[in-house]
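Structure below is upload-v1.pdb: PDB, C-alpha atoms.
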```
ATOM      1  CA  MET C1022      13.543 -30.932 126.658
ATOM      2  CA  LYS C1023      11.185 -28.230 127.949
ATOM      3  CA  LYS C1024      13.824 -25.559 127.362
ATOM      4  CA  LEU C1025      14.092 -26.624 123.731
ATOM      5  CA  ILE C1026      10.357 -26.529 123.055
ATOM      6  CA  VAL C1027       9.807 -22.983 124.320
ATOM      7  CA  PRO C1028      11.975 -21.209 121.721
ATOM      8  CA  ILE C1029      10.315 -23.161 118.937
ATOM      9  CA  ILE C1030       6.863 -22.044 120.036
ATOM     10  CA  LEU C1031       8.010 -18.406 120.243
ATOM     11  CA  GLY C1032       9.445 -18.675 116.781
ATOM     12  CA  LEU C1033       6.157 -19.858 115.384
ATOM     13  CA  LEU C1034       4.301 -17.017 117.080
ATOM     14  CA  VAL C1035       6.603 -14.397 115.589
ATOM     15  CA  ILE C1036       6.269 -15.812 112.094
ATOM     16  CA  GLY C1037       2.479 -15.929 112.538
ATOM     17  CA  PHE C1038       2.201 -12.113 112.738
ATOM     18  CA  PRO C1039       1.695 -10.435 109.329
ATOM     19  CA  LEU C1040       4.292  -8.013 108.026
ATOM     20  CA  THR C1041       2.789  -4.637 108.814
ATOM     21  CA  GLY C1042       5.592  -2.205 108.072
ATOM     22  CA  PHE C1043       3.884  -1.469 104.785
ATOM     23  CA  ALA C1044       0.388  -1.531 103.334
ATOM     24  CA  GLN C1045      -1.010  -1.685  99.838
ATOM     25  CA  VAL C1046      -4.302  -0.832  98.265
ATOM     26  CA  GLU C1047      -5.645  -1.036  94.758
ATOM     27  CA  ALA C1048      -7.635   1.854  93.325
ATOM     28  CA  THR C1049      -9.622   2.166  90.111
ATOM     29  CA  ALA C1050      -9.048   4.716  87.373
ATOM     30  CA  THR C1051     -11.877   5.427  84.940
ATOM     31  CA  ALA C1052     -12.441   7.574  81.872
ATOM     32  CA  GLU C1053     -15.341   7.730  79.451
ATOM     33  CA  LEU C1054     -14.507   8.503  75.879
ATOM     34  CA  VAL C1055     -17.385  10.084  74.021
ATOM     35  CA  GLU C1056     -18.010  10.071  70.301
ATOM     36  CA  ALA C1057     -17.570  13.460  68.673
ATOM     37  CA  LEU C1058     -20.868  15.173  67.822
ATOM     38  CA  SER C1059     -22.002  14.695  64.271
ATOM     39  CA  ALA C1060     -24.739  16.528  62.410
ATOM     40  CA  SER C1061     -26.220  16.073  58.984
ATOM     41  CA  GLU C1062     -28.503  18.313  56.973
ATOM     42  CA  GLU C1063     -31.664  16.373  56.202
ATOM     43  CA  ASP C1064     -33.677  19.158  54.567
ATOM     44  CA  GLN C1065     -32.267  22.271  52.942
ATOM     45  CA  LEU C1066     -33.441  25.757  53.836
ATOM     46  CA  ASN C1067     -35.576  26.802  50.892
ATOM     47  CA  PHE C1068     -37.405  30.120  50.475
ATOM     48  CA  GLY C1069     -39.489  28.767  47.620
ATOM     49  CA  LYS C1070     -40.639  30.747  44.582
ATOM     50  CA  PHE C1071     -41.643  34.379  44.872
ATOM     51  CA  ILE C1072     -42.019  37.653  43.024
ATOM     52  CA  ALA C1073     -39.908  40.571  44.233
ATOM     53  CA  GLY C1074     -42.476  43.207  43.380
ATOM     54  CA  GLU C1075     -41.716  46.881  42.935
ATOM     55  CA  SER C1076     -39.777  47.673  46.090
ATOM     56  CA  GLY C1077     -38.779  44.233  47.327
ATOM     57  CA  GLY C1078     -39.087  43.214  50.961
ATOM     58  CA  THR C1079     -38.375  40.105  52.996
ATOM     59  CA  ILE C1080     -39.414  36.504  53.079
ATOM     60  CA  THR C1081     -39.070  34.538  56.301
ATOM     61  CA  VAL C1082     -39.083  30.807  56.891
ATOM     62  CA  ALA C1083     -39.857  29.925  60.506
ATOM     63  CA  GLY C1084     -37.337  27.780  62.401
ATOM     64  CA  THR C1085     -39.906  25.060  63.055
ATOM     65  CA  ALA C1086     -40.722  21.687  61.573
ATOM     66  CA  ALA C1087     -43.548  23.270  59.571
ATOM     67  CA  GLY C1088     -41.369  26.178  58.422
ATOM     68  CA  ALA C1089     -44.216  28.649  57.913
ATOM     69  CA  ILE C1090     -43.545  31.364  55.310
ATOM     70  CA  THR C1091     -44.211  35.055  55.952
ATOM     71  CA  THR C1092     -43.432  38.005  53.707
ATOM     72  CA  THR C1093     -43.093  41.777  53.990
ATOM     73  CA  GLY C1094     -43.074  44.578  51.402
ATOM     74  CA  THR C1095     -44.036  43.800  47.851
ATOM     75  CA  VAL C1096     -42.645  40.278  47.989
ATOM     76  CA  ALA C1097     -45.276  37.697  47.146
ATOM     77  CA  THR C1098     -44.893  33.958  47.158
ATOM     78  CA  ILE C1099     -46.092  31.921  44.248
ATOM     79  CA  GLY C1100     -46.771  28.223  44.088
ATOM     80  CA  GLY C1101     -44.099  25.577  43.801
ATOM     81  CA  GLY C1102     -40.437  25.679  44.741
ATOM     82  CA  ALA C1103     -40.879  23.527  47.853
ATOM     83  CA  PRO C1104     -40.239  26.119  50.591
ATOM     84  CA  SER C1105     -38.931  24.491  53.722
ATOM     85  CA  SER C1106     -37.088  25.080  56.949
ATOM     86  CA  ALA C1107     -33.760  23.294  57.234
ATOM     87  CA  SER C1108     -33.606  20.228  59.438
ATOM     88  CA  PHE C1109     -30.485  18.795  61.023
ATOM     89  CA  ASP C1110     -30.066  15.412  62.645
ATOM     90  CA  ILE C1111     -27.544  15.458  65.487
ATOM     91  CA  SER C1112     -25.986  12.413  67.057
ATOM     92  CA  GLY C1113     -23.677  12.105  70.062
ATOM     93  CA  LEU C1114     -23.623  11.137  73.737
ATOM     94  CA  ALA C1115     -27.029  10.099  75.076
ATOM     95  CA  SER C1116     -28.866  12.577  77.300
ATOM     96  CA  GLN C1117     -26.256  15.236  76.723
ATOM     97  CA  THR C1118     -27.174  18.875  76.053
ATOM     98  CA  VAL C1119     -26.027  20.363  72.769
ATOM     99  CA  LYS C1120     -25.772  24.078  72.066
ATOM    100  CA  VAL C1121     -26.669  25.316  68.579
ATOM    101  CA  THR C1122     -24.857  28.372  67.202
ATOM    102  CA  LEU C1123     -26.317  30.062  64.122
ATOM    103  CA  PRO C1124     -24.552  32.221  61.517
ATOM    104  CA  ALA C1125     -24.092  35.902  62.367
ATOM    105  CA  ASN C1126     -26.160  38.460  60.497
ATOM    106  CA  GLY C1127     -24.466  39.737  57.349
ATOM    107  CA  SER C1128     -22.333  36.656  56.862
ATOM    108  CA  VAL C1129     -24.547  34.719  54.500
ATOM    109  CA  ASN C1130     -25.453  35.648  50.924
ATOM    110  CA  LEU C1131     -27.236  33.738  48.199
ATOM    111  CA  SER C1132     -25.725  34.157  44.759
ATOM    112  CA  HIS C1133     -27.486  34.058  41.411
ATOM    113  CA  SER C1134     -26.668  30.928  39.427
ATOM    114  CA  THR C1135     -25.262  32.925  36.497
ATOM    115  CA  SER C1136     -25.231  36.661  37.253
ATOM    116  CA  SER C1137     -23.391  38.457  40.060
ATOM    117  CA  ASP C1138     -26.559  39.450  41.945
ATOM    118  CA  VAL C1139     -26.754  38.460  45.591
ATOM    119  CA  MET C1140     -29.428  38.450  48.283
ATOM    120  CA  ASN C1141     -28.668  38.474  51.970
ATOM    121  CA  VAL C1142     -29.969  35.904  54.438
ATOM    122  CA  ALA C1143     -29.991  36.878  58.119
ATOM    123  CA  SER C1144     -31.923  36.591  61.389
ATOM    124  CA  PHE C1145     -31.434  32.828  61.559
ATOM    125  CA  THR C1146     -33.674  31.081  64.070
ATOM    126  CA  VAL C1147     -33.625  27.543  65.425
ATOM    127  CA  SER C1148     -36.313  25.393  66.994
ATOM    128  CA  ALA C1149     -34.133  24.991  70.108
ATOM    129  CA  SER C1150     -30.881  26.834  70.820
ATOM    130  CA  THR C1151     -30.003  24.079  73.279
ATOM    131  CA  VAL C1152     -31.274  20.579  72.690
ATOM    132  CA  THR C1153     -30.977  17.437  74.789
ATOM    133  CA  LEU C1154     -30.028  14.285  72.931
ATOM    134  CA  SER C1155     -32.317  11.294  73.403
ATOM    135  CA  SER C1156     -31.411   8.082  75.240
ATOM    136  CA  THR C1157     -30.052   6.840  71.909
ATOM    137  CA  GLY C1158     -28.047  10.058  71.447
ATOM    138  CA  ASP C1159     -30.178  11.632  68.724
ATOM    139  CA  ALA C1160     -31.994  14.919  68.192
ATOM    140  CA  THR C1161     -33.405  16.958  65.334
ATOM    141  CA  VAL C1162     -33.469  20.755  65.093
ATOM    142  CA  TYR C1163     -35.076  23.044  62.526
ATOM    143  CA  VAL C1164     -33.503  26.236  61.231
ATOM    144  CA  GLY C1165     -35.197  29.154  59.550
ATOM    145  CA  ALA C1166     -34.068  32.611  58.382
ATOM    146  CA  THR C1167     -35.082  35.806  56.665
ATOM    147  CA  LEU C1168     -34.165  36.565  53.034
ATOM    148  CA  THR C1169     -33.989  40.207  51.997
ATOM    149  CA  VAL C1170     -35.107  40.853  48.432
ATOM    150  CA  PRO C1171     -33.757  44.204  47.165
ATOM    151  CA  ASN C1172     -36.335  45.197  44.497
ATOM    152  CA  SER C1173     -37.705  44.309  41.122
ATOM    153  CA  GLY C1174     -34.345  45.167  39.516
ATOM    154  CA  ILE C1175     -32.785  41.985  40.820
ATOM    155  CA  ASP C1176     -32.162  39.212  38.326
ATOM    156  CA  VAL C1177     -34.709  36.459  38.249
ATOM    157  CA  GLY C1178     -33.407  32.937  38.595
ATOM    158  CA  VAL C1179     -32.140  30.524  41.179
ATOM    159  CA  TYR C1180     -30.051  31.833  44.083
ATOM    160  CA  SER C1181     -28.106  29.566  46.363
ATOM    161  CA  GLY C1182     -25.490  29.766  49.108
ATOM    162  CA  THR C1183     -24.151  27.951  52.097
ATOM    163  CA  TYR C1184     -24.106  28.704  55.796
ATOM    164  CA  GLN C1185     -22.664  27.033  58.867
ATOM    165  CA  VAL C1186     -24.504  25.873  61.949
ATOM    166  CA  LYS C1187     -22.330  24.878  64.877
ATOM    167  CA  PHE C1188     -23.290  22.136  67.327
ATOM    168  CA  ALA C1189     -21.301  21.706  70.531
ATOM    169  CA  TYR C1190     -21.661  19.699  73.722
ATOM    170  CA  GLN C1191     -22.551  21.946  76.600
TER     171      GLN C1191
ATOM    172  CA  MET P 501      35.785 -59.317 137.389
ATOM    173  CA  LYS P 502      35.700 -56.962 140.423
ATOM    174  CA  THR P 503      38.643 -54.948 139.240
ATOM    175  CA  THR P 504      37.027 -54.151 135.881
ATOM    176  CA  VAL P 505      33.819 -52.835 137.462
ATOM    177  CA  LEU P 506      35.620 -50.351 139.724
ATOM    178  CA  LYS P 507      37.468 -48.705 136.864
ATOM    179  CA  PHE P 508      34.218 -48.009 135.079
ATOM    180  CA  PHE P 509      32.808 -46.074 138.052
ATOM    181  CA  THR P 510      35.832 -43.900 138.375
ATOM    182  CA  LEU P 511      35.602 -42.767 134.825
ATOM    183  CA  SER P 512      31.965 -41.759 135.242
ATOM    184  CA  VAL P 513      32.650 -39.530 138.218
ATOM    185  CA  ALA P 514      35.316 -37.666 136.388
ATOM    186  CA  ILE P 515      33.010 -36.735 133.552
ATOM    187  CA  PHE P 516      30.336 -35.325 135.862
ATOM    188  CA  ALA P 517      32.906 -33.197 137.597
ATOM    189  CA  PHE P 518      33.900 -31.473 134.353
ATOM    190  CA  THR P 519      30.326 -30.797 133.591
ATOM    191  CA  ASN P 520      29.854 -29.005 136.886
ATOM    192  CA  ILE P 521      32.773 -26.713 136.258
ATOM    193  CA  SER P 522      31.371 -25.690 132.945
ATOM    194  CA  PHE P 523      28.020 -24.752 134.537
ATOM    195  CA  GLY P 524      29.842 -22.774 137.136
ATOM    196  CA  GLN P 525      31.088 -20.299 134.496
ATOM    197  CA  ASN P 526      27.494 -19.262 133.716
ATOM    198  CA  THR P 527      26.830 -17.831 137.101
ATOM    199  CA  ASP P 528      28.498 -14.502 136.397
ATOM    200  CA  GLU P 529      25.924 -11.739 136.024
ATOM    201  CA  ALA P 530      25.728  -8.581 133.976
ATOM    202  CA  THR P 531      22.841  -6.190 133.321
ATOM    203  CA  ALA P 532      21.960  -4.957 129.862
ATOM    204  CA  SER P 533      18.969  -2.889 128.872
ATOM    205  CA  ALA P 534      16.547  -4.152 126.254
ATOM    206  CA  GLY P 535      14.049  -1.896 124.501
ATOM    207  CA  ALA P 536      11.298  -2.335 121.994
ATOM    208  CA  ARG P 537       8.677  -0.040 120.558
ATOM    209  CA  ILE P 538       5.518  -1.638 119.331
ATOM    210  CA  VAL P 539       3.995   0.566 116.590
ATOM    211  CA  THR P 540       0.538   0.478 115.117
ATOM    212  CA  PRO P 541       0.527  -1.440 111.822
ATOM    213  CA  LEU P 542       0.242   0.735 108.706
ATOM    214  CA  THR P 543      -2.991   0.452 106.791
ATOM    215  CA  ILE P 544      -4.227   2.229 103.666
ATOM    216  CA  GLU P 545      -7.720   2.562 102.265
ATOM    217  CA  ASN P 546      -8.990   3.816  98.933
ATOM    218  CA  ASP P 547     -11.679   6.438  99.595
ATOM    219  CA  GLU P 548     -12.249   7.850  96.096
ATOM    220  CA  GLU P 549     -11.510   6.516  92.633
ATOM    221  CA  LEU P 550      -9.485   8.349  90.013
ATOM    222  CA  GLU P 551     -11.958   9.668  87.436
ATOM    223  CA  PHE P 552     -10.967  11.411  84.213
ATOM    224  CA  GLY P 553     -14.600  12.182  83.333
ATOM    225  CA  ASP P 554     -16.078  12.443  79.862
ATOM    226  CA  ILE P 555     -13.719  13.190  77.012
ATOM    227  CA  ILE P 556     -14.552  13.587  73.330
ATOM    228  CA  SER P 557     -12.526  11.239  71.167
ATOM    229  CA  ALA P 558      -9.463  13.111  69.817
ATOM    230  CA  ALA P 559      -5.697  12.989  70.361
ATOM    231  CA  ASN P 560      -5.162  14.365  73.844
ATOM    232  CA  THR P 561      -3.359  14.161  77.149
ATOM    233  CA  VAL P 562      -5.766  14.696  80.019
ATOM    234  CA  THR P 563      -4.344  15.461  83.463
ATOM    235  CA  ILE P 564      -6.058  15.208  86.830
ATOM    236  CA  SER P 565      -4.061  17.054  89.507
ATOM    237  CA  PRO P 566      -4.036  15.796  93.118
ATOM    238  CA  ALA P 567      -6.349  18.753  93.806
ATOM    239  CA  GLY P 568      -8.810  17.205  91.335
ATOM    240  CA  VAL P 569      -8.441  19.852  88.622
ATOM    241  CA  ARG P 570      -8.748  18.513  85.074
ATOM    242  CA  THR P 571      -6.632  20.026  82.301
ATOM    243  CA  ALA P 572      -5.789  18.839  78.796
ATOM    244  CA  THR P 573      -3.520  19.520  75.847
ATOM    245  CA  ASN P 574      -6.730  19.636  73.790
ATOM    246  CA  PRO P 575      -9.173  21.322  76.192
ATOM    247  CA  ASP P 576     -11.930  21.524  73.553
ATOM    248  CA  ALA P 577     -12.346  17.756  73.879
ATOM    249  CA  LEU P 578     -13.172  17.932  77.590
ATOM    250  CA  LEU P 579     -16.843  17.374  78.212
ATOM    251  CA  VAL P 580     -18.597  18.257  81.445
ATOM    252  CA  THR P 581     -21.499  15.961  82.256
ATOM    253  CA  ALA P 582     -23.625  15.460  85.309
ATOM    254  CA  SER P 583     -23.047  11.721  85.328
ATOM    255  CA  ARG P 584     -19.255  11.624  85.388
ATOM    256  CA  THR P 585     -17.427  14.249  87.430
ATOM    257  CA  PRO P 586     -13.618  14.255  87.188
ATOM    258  CA  GLN P 587     -11.849  13.711  90.500
ATOM    259  CA  ALA P 588      -8.497  12.721  91.974
ATOM    260  CA  ALA P 589      -8.172   9.407  93.810
ATOM    261  CA  GLU P 590      -8.136   9.717  97.606
ATOM    262  CA  PHE P 591      -6.491   7.464 100.162
ATOM    263  CA  THR P 592      -6.374   7.357 103.967
ATOM    264  CA  VAL P 593      -3.295   5.994 105.718
ATOM    265  CA  VAL P 594      -3.532   4.996 109.390
ATOM    266  CA  GLY P 595      -0.563   4.064 111.565
ATOM    267  CA  GLU P 596       1.529   5.227 114.494
ATOM    268  CA  ALA P 597       1.033   8.923 115.293
ATOM    269  CA  GLY P 598       3.875  11.133 114.111
ATOM    270  CA  LEU P 599       5.770   8.480 112.154
ATOM    271  CA  SER P 600       6.979   9.064 108.620
ATOM    272  CA  TYR P 601       6.163   6.910 105.619
ATOM    273  CA  THR P 602       6.809   6.796 101.913
ATOM    274  CA  VAL P 603       4.293   6.441  99.077
ATOM    275  CA  VAL P 604       5.024   4.374  95.987
ATOM    276  CA  ILE P 605       2.664   4.274  93.005
ATOM    277  CA  GLU P 606       3.010   2.266  89.809
ATOM    278  CA  ASN P 607       4.755   4.012  86.913
ATOM    279  CA  SER P 608       2.141   3.233  84.323
ATOM    280  CA  ILE P 609      -1.140   1.352  84.006
ATOM    281  CA  THR P 610      -3.504   0.475  81.167
ATOM    282  CA  LEU P 611      -7.198   1.317  81.002
ATOM    283  CA  THR P 612      -9.301  -1.056  78.913
ATOM    284  CA  GLY P 613     -12.550  -0.276  77.125
ATOM    285  CA  ALA P 614     -15.516  -2.327  78.342
ATOM    286  CA  ALA P 615     -17.030  -2.802  74.887
ATOM    287  CA  THR P 616     -14.120  -2.412  72.490
ATOM    288  CA  SER P 617     -11.166  -3.759  74.545
ATOM    289  CA  GLN P 618      -9.143  -0.823  73.229
ATOM    290  CA  THR P 619      -6.582   0.522  75.675
ATOM    291  CA  MET P 620      -5.299   3.844  76.956
ATOM    292  CA  THR P 621      -2.260   4.505  79.141
ATOM    293  CA  VAL P 622      -2.297   6.313  82.479
ATOM    294  CA  ASP P 623       1.076   7.428  83.845
ATOM    295  CA  ASN P 624       2.863  10.245  85.681
ATOM    296  CA  PHE P 625       1.012   9.539  88.926
ATOM    297  CA  VAL P 626       1.394  12.426  91.380
ATOM    298  CA  HIS P 627       0.394  12.451  95.063
ATOM    299  CA  ASN P 628       0.194  15.188  97.677
ATOM    300  CA  ALA P 629       1.010  13.189 100.842
ATOM    301  CA  THR P 630       3.241  14.969 103.383
ATOM    302  CA  GLY P 631       4.629  11.571 104.390
ATOM    303  CA  THR P 632       4.057  12.144 108.111
ATOM    304  CA  LEU P 633       1.140  10.691 110.026
ATOM    305  CA  ASN P 634      -0.809  13.162 112.144
ATOM    306  CA  ALA P 635       0.847  13.564 115.548
ATOM    307  CA  THR P 636      -2.452  12.995 117.357
ATOM    308  CA  THR P 637      -4.619  10.801 115.188
ATOM    309  CA  GLY P 638      -1.942   8.772 113.342
ATOM    310  CA  LYS P 639      -3.834   9.422 110.100
ATOM    311  CA  GLU P 640      -3.153  11.120 106.826
ATOM    312  CA  THR P 641      -5.425  11.538 103.817
ATOM    313  CA  PHE P 642      -3.838  12.261 100.478
ATOM    314  CA  SER P 643      -4.897  12.462  96.846
ATOM    315  CA  VAL P 644      -3.449  11.062  93.651
ATOM    316  CA  GLY P 645      -3.667  12.445  90.116
ATOM    317  CA  ALA P 646      -2.217  11.238  86.796
ATOM    318  CA  ASP P 647      -2.018  11.734  83.022
ATOM    319  CA  LEU P 648      -4.301   9.921  80.553
ATOM    320  CA  THR P 649      -3.185   9.608  76.940
ATOM    321  CA  VAL P 650      -6.018   9.474  74.398
ATOM    322  CA  GLY P 651      -5.268   8.289  70.869
ATOM    323  CA  ALA P 652      -6.407  10.127  67.747
ATOM    324  CA  THR P 653      -8.664   7.242  66.709
ATOM    325  CA  GLN P 654      -9.685   6.089  70.185
ATOM    326  CA  SER P 655     -13.129   4.475  70.196
ATOM    327  CA  SER P 656     -15.884   5.847  72.371
ATOM    328  CA  ASP P 657     -16.239   3.531  75.364
ATOM    329  CA  ILE P 658     -15.939   3.406  79.146
ATOM    330  CA  TYR P 659     -12.340   2.615  80.048
ATOM    331  CA  THR P 660     -11.245   1.301  83.446
ATOM    332  CA  GLY P 661      -8.058   0.008  85.032
ATOM    333  CA  SER P 662      -6.536  -0.265  88.468
ATOM    334  CA  PHE P 663      -3.335   0.888  90.129
ATOM    335  CA  THR P 664      -1.640  -0.090  93.365
ATOM    336  CA  VAL P 665      -0.483   2.365  96.006
ATOM    337  CA  THR P 666       2.045   1.132  98.596
ATOM    338  CA  VAL P 667       2.922   2.958 101.822
ATOM    339  CA  THR P 668       5.907   1.943 103.955
ATOM    340  CA  TYR P 669       7.250   3.187 107.290
ATOM    341  CA  GLU P 670      10.463   5.095 106.799
TER     342      GLU P 670
END
```

Will you turn the file into structure tokens for me?
Amino acid sequence: MKKLIVPIILGLLVIGFPLTGFAQVEATATAELVEALSASEEDQLNFGKFIAGESGGTITVAGTAAGAITTTGTVATIGGGAPSSASFDISGLASQTVKVTLPANGSVNLSHSTSSDVMNVASFTVSASTVTLSSTGDATVYVGATLTVPNSGIDVGVYSGTYQVKFAYQ
Amino acid sequence: MKTTVLKFFTLSVAIFAFTNISFGQNTDEATASAGARIVTPLTIENDEELEFGDIISAANTVTISPAGVRTATNPDALLVTASRTPQAAEFTVVGEAGLSYTVVIENSITLTGAATSQTMTVDNFVHNATGTLNATTGKETFSVGADLTVGATQSSDIYTGSFTVTVTYE
């Protein structure tokens, strides 16, 4: 009887050891998908109403919330016309830095509503060339620029054009 | 009555005698060698998680190499942030010094968005294990990379999933 019991006990001991010829582990994989940046123009860039004067000059709107107007040459502002800096609302990933790229000089012209006369807009400025989005993923930037008025020979009337501002995650 | 009893005894003696002969055959001896090698059990630990980092929502295949380098078919959608640095998963295998082992990783897993329950697939797992435990320490550390497929209309969210790595003595 004793001889029979011994092998049974050994058998139990062997089975009791875990299988250790292999080992497994579980690992986590993670990715964060971020909404694409979006931007909307809240206020248009507007140089207001002005008189060109004899030899023309420039009119500048500051790239700030206030959008202060300054002129050079014989250009003189007159009342009305609602001059304003442009404002853009940006939305994207919270706390992320966004780089603002403005149009290159020479690429933007304003065209007369009926005639073929154009005026160039250049020297774009922005309130912040890099801006950090808030904890809710929002930010606002202001864009200004300088309009060059050739001279008194230019047609009077309303001039308008478009320009592109690029926003990109940094 | 007496005669019957005697016959019974005779029969008993004969049986015992046969039994003795049969035992006698077991007394021959021979020597054989027996050998066993007890090896350290294999274990594996997950040291670092697989992290694809921040990605802007757009159709894309994002790859993390075992070296931890992130590439993509649409690299413009890769976003570098301070909070989420891409990295390969890292594992440490411990076992018997100098022994070989194999690594098996799942073919494909699903990452699920925490908020949206949308899914993305991770596949093409690649590891850089040599498959041989260090001759002195019995350890090897290796890294695992994979491909993440992002859909064109994938919602912004944090996506997680898990994968199993199995190592086996060869």

Written as a ChimeraX atom specification, which residues does the PyMOL selection byres ((chain C and resi 1154) around 8) give for the file shown? /C:1111-1119,1152-1153,1155-1160

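Of the listed residues C:Phe1043, C:Phe1145, C:Phe1109, C:Phe1071, the one whose atoms come nearest to C:Gly1084 is C:Phe1145, with distances taken using only C-alpha atoms.
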
Which neighbours of C:Ser1106 fall inside 12 Å, counting only C-alpha atoms, when residues of the same chain fewer than 3 positions from it are skipped, and could you give them as an mmCIF file with C-alpha atoms, in the coordinates of the input?
```cif
data_model
loop_
_atom_site.group_PDB
_atom_site.id
_atom_site.type_symbol
_atom_site.label_atom_id
_atom_site.label_comp_id
_atom_site.auth_asym_id
_atom_site.auth_seq_id
_atom_site.Cartn_x
_atom_site.Cartn_y
_atom_site.Cartn_z
ATOM 1 C CA GLU C 1062 -28.503 18.313 56.973
ATOM 2 C CA GLU C 1063 -31.664 16.373 56.202
ATOM 3 C CA ASP C 1064 -33.677 19.158 54.567
ATOM 4 C CA GLN C 1065 -32.267 22.271 52.942
ATOM 5 C CA LEU C 1066 -33.441 25.757 53.836
ATOM 6 C CA ASN C 1067 -35.576 26.802 50.892
ATOM 7 C CA PHE C 1068 -37.405 30.120 50.475
ATOM 8 C CA GLY C 1069 -39.489 28.767 47.620
ATOM 9 C CA THR C 1081 -39.070 34.538 56.301
ATOM 10 C CA VAL C 1082 -39.083 30.807 56.891
ATOM 11 C CA ALA C 1083 -39.857 29.925 60.506
ATOM 12 C CA GLY C 1084 -37.337 27.780 62.401
ATOM 13 C CA THR C 1085 -39.906 25.060 63.055
ATOM 14 C CA ALA C 1086 -40.722 21.687 61.573
ATOM 15 C CA ALA C 1087 -43.548 23.270 59.571
ATOM 16 C CA GLY C 1088 -41.369 26.178 58.422
ATOM 17 C CA ALA C 1089 -44.216 28.649 57.913
ATOM 18 C CA ILE C 1090 -43.545 31.364 55.310
ATOM 19 C CA ALA C 1103 -40.879 23.527 47.853
ATOM 20 C CA PHE C 1109 -30.485 18.795 61.023
ATOM 21 C CA PHE C 1145 -31.434 32.828 61.559
ATOM 22 C CA THR C 1146 -33.674 31.081 64.070
ATOM 23 C CA VAL C 1147 -33.625 27.543 65.425
ATOM 24 C CA SER C 1148 -36.313 25.393 66.994
ATOM 25 C CA VAL C 1162 -33.469 20.755 65.093
ATOM 26 C CA TYR C 1163 -35.076 23.044 62.526
ATOM 27 C CA VAL C 1164 -33.503 26.236 61.231
ATOM 28 C CA GLY C 1165 -35.197 29.154 59.550
ATOM 29 C CA ALA C 1166 -34.068 32.611 58.382
ATOM 30 C CA THR C 1167 -35.082 35.806 56.665
#
```

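What separates atom CA of P:Leu542 from atom CA of P:Gly595 is a distance of 4.5 Å.
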
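For chain P, the residues within 6 Å of chain C are P:Pro541, P:Leu542, P:Thr543, P:Ile544, P:Glu549, P:Leu550, P:Glu551, P:Phe552, P:Gly553, P:Asp554, P:Ile555, P:Ile556, P:Ser557, P:Ser656, P:Asp657, P:Ile658, P:Tyr659, P:Thr660, P:Gly661, P:Ser662, P:Phe663, P:Thr664, P:Val665, P:Thr666, P:Val667, P:Thr668, P:Tyr669, with all atoms listed in the file used to measure distance.
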
Can you tell me which residues surround P:Gly631 at a distance of at most 6 Å, considering all atoms listed in the file, apart from same-chain residues fewer than 2 positions away, and format the answer as a CSV table (one decimal) with C-alpha atoms, in the frame of the given file?
```
chain,number,residue,atom,x,y,z
P,600,SER,CA,7.0,9.1,108.6
P,601,TYR,CA,6.2,6.9,105.6
P,602,THR,CA,6.8,6.8,101.9
P,629,ALA,CA,1.0,13.2,100.8
```

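As for atom CA of C:Leu1123 and atom CA of C:Asn1172, they are spaced 26.7 Å apart.
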
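Here atom CA of C:Val1096 is placed at a distance of 7.6 Å from atom CA of C:Val1170.
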
So, counting only C-alpha atoms, which residue among C:Leu1168, C:Gly1101, C:Thr1092, C:Val1179 is closest to C:Asn1130?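 Comparing C:Leu1168, C:Gly1101, C:Thr1092, C:Val1179 against C:Asn1130, the winner is C:Leu1168.
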
As a compact mmCIF listing (two decimals), in the coordinates of the input, could you write out stretch 1084-1092 of chain C once it has been completed with N, CA and C atoms?
```
# COMPACT_ATOMS: atom_id res chain seq x y z
N GLY C 1084 -38.22 28.87 61.95
CA GLY C 1084 -37.34 27.78 62.40
C GLY C 1084 -38.12 26.73 63.14
N THR C 1085 -39.07 26.11 62.47
CA THR C 1085 -39.91 25.06 63.06
C THR C 1085 -40.01 23.92 62.05
N ALA C 1086 -40.57 22.82 62.48
CA ALA C 1086 -40.72 21.69 61.57
C ALA C 1086 -41.58 22.08 60.37
N ALA C 1087 -42.64 22.88 60.64
CA ALA C 1087 -43.55 23.27 59.57
C ALA C 1087 -42.90 24.30 58.66
N GLY C 1088 -42.08 25.17 59.22
CA GLY C 1088 -41.37 26.18 58.42
C GLY C 1088 -42.29 27.16 57.73
N ALA C 1089 -43.24 27.72 58.49
CA ALA C 1089 -44.22 28.65 57.91
C ALA C 1089 -43.53 29.83 57.23
N ILE C 1090 -44.11 30.27 56.11
CA ILE C 1090 -43.54 31.36 55.31
C ILE C 1090 -44.31 32.66 55.60
N THR C 1091 -43.58 33.74 55.84
CA THR C 1091 -44.21 35.06 55.95
C THR C 1091 -43.43 36.03 55.08
N THR C 1092 -44.11 37.04 54.57
CA THR C 1092 -43.43 38.01 53.71
C THR C 1092 -43.73 39.42 54.17
```
